[in-house]
Structure formats: C-alpha cells, structure tokens
Amino acid sequence: MSGSAKATVFIDNERVIVTEYRFQPGQNTGWHRHGHDYVVVPLMDGKVKLETSSGTSFAEMKKGAPYFRKAGVEHDVINANDGEYAFIEIELK
C-alpha cells in the first residue's frame with residue numbers, strides 16, 4: 001500500500017499480520033487488494049470513505065466493534081473525520 005496513513009506492523013508471523021493504521025483527515029491507505037481474510041477493530045468511533053471499483057461509499061465505525069471480510073476485497077480507505085482516526089487490522093494467513 002502506498003497511501004498517506006501511518007501503518008505500524010506489530011505482528012507478522014506464519015499465522016497473522018497485525019497492523020495499526022493511523023490517519024489524519026483525508027489521509028488514505030492507498031488502493032490495495034486483501035490477500036488474506038481479515039478482521040478490523042476500530043480504535044475510536046468515526047467514519048471512513050471507501051473507494052472501490054463500484055464507486056464511493058461511507059462506513060460508520062464504532063470503537064471496539066470488530067468486523068470480518070474475506071480475502072479479495074479491493075479498495076482505498078480514507079479518513080472522513082475532522083480529526084485523527086485509527087484501527088487495527090488483523091490478517092489471517
């Protein structure tokens with residue numbers, strides 16, 4: 001990923017990759033395709049803008065409320081808040 005969000009990898013082993021993403025307003029992950037199933041755990045309430053091949057949508061994120069996605073998702077995730085936003089992503093190898 002080549003976006004402007006700060007990505008910090010905490011764990012990368014044979015079973016999982018755990019990465020924290022921190023975004024200032026308007027920052028993004030960069031366009032990417034998920035090669036693994038993954039879980040996202042929001043670290044705060046907020047909203048993200050999702051750019052996909054189908055168009056643009058917004059997702060409301062709730063602190064501590066995880067969600068799961070299958071491998072193959074392609075998108076760019078953008079901070080749509082007035083302040084910093086962050087989440088933890090756990091990729092399952």
# chains A, B, ... in the order shown; residues from 1 in each chain; ligands from 1

call {"tool": "residues_around", "arguments": {"residues": "region 24-39 of chain A", "least_positions_apart": "3", "cutoff": "8 Å", "atoms": "only C-alpha atoms", "output": "VMD selection string"}}
result
chain A and resid 1 to 5 66 to 85 89 to 93

call {"tool": "select_by_dssp", "arguments": {"residues": "region 22-63 of chain A", "states": "strand (DSSP E)", "output": "number ranges by chain"}}
result
A: 22-23, 32-33, 37-42, 46-52, 55-61

call {"tool": "write_last_selection", "arguments": {"atoms": "C-alpha atoms", "output": "mmCIF file, in the first residue's frame"}}
result
data_model
loop_
_atom_site.group_PDB
_atom_site.id
_atom_site.type_symbol
_atom_site.label_atom_id
_atom_site.label_comp_id
_atom_site.auth_asym_id
_atom_site.auth_seq_id
_atom_site.Cartn_x
_atom_site.Cartn_y
_atom_site.Cartn_z
ATOM 1 C CA ARG A 22 -3.493 5.964 11.867
ATOM 2 C CA PHE A 23 -4.932 8.606 9.556
ATOM 3 C CA HIS A 32 -4.970 -2.327 -2.365
ATOM 4 C CA ARG A 33 -6.308 -5.878 -2.621
ATOM 5 C CA ASP A 37 -9.233 -12.903 5.243
ATOM 6 C CA TYR A 38 -9.089 -10.103 7.812
ATOM 7 C CA VAL A 39 -10.682 -8.509 10.869
ATOM 8 C CA VAL A 40 -10.746 -4.749 11.535
ATOM 9 C CA VAL A 41 -11.073 -3.416 15.101
ATOM 10 C CA PRO A 42 -11.811 0.336 15.216
ATOM 11 C CA GLY A 46 -15.726 7.603 13.278
ATOM 12 C CA LYS A 47 -16.410 7.385 9.579
ATOM 13 C CA VAL A 48 -14.288 6.130 6.686
ATOM 14 C CA LYS A 49 -14.753 6.735 2.990
ATOM 15 C CA LEU A 50 -14.333 3.637 0.818
ATOM 16 C CA GLU A 51 -13.316 3.933 -2.826
ATOM 17 C CA THR A 52 -13.970 0.736 -4.801
ATOM 18 C CA GLY A 55 -17.866 3.668 -6.578
ATOM 19 C CA THR A 56 -17.700 5.542 -3.286
ATOM 20 C CA SER A 57 -19.395 4.676 -0.001
ATOM 21 C CA PHE A 58 -19.048 5.594 3.662
ATOM 22 C CA ALA A 59 -18.885 3.284 6.699
ATOM 23 C CA GLU A 60 -19.649 4.257 10.289
ATOM 24 C CA MET A 61 -17.086 2.689 12.614
#

call {"tool": "closest_residue", "arguments": {"among": "A:Leu43, A:Ile11, A:Ala86, A:Lys6", "to": "Gly64 (chain A)", "atoms": "only C-alpha atoms"}}
result
A:Leu43

call {"tool": "atom_distance", "arguments": {"atom1": "CA of Asp45 (chain A)", "atom2": "CA of Glu20 (chain A)"}}
result
15.3 Å

call {"tool": "atom_distance", "arguments": {"atom1": "CA of Tyr21 (chain A)", "atom2": "CA of Ala65 (chain A)"}}
result
15.9 Å
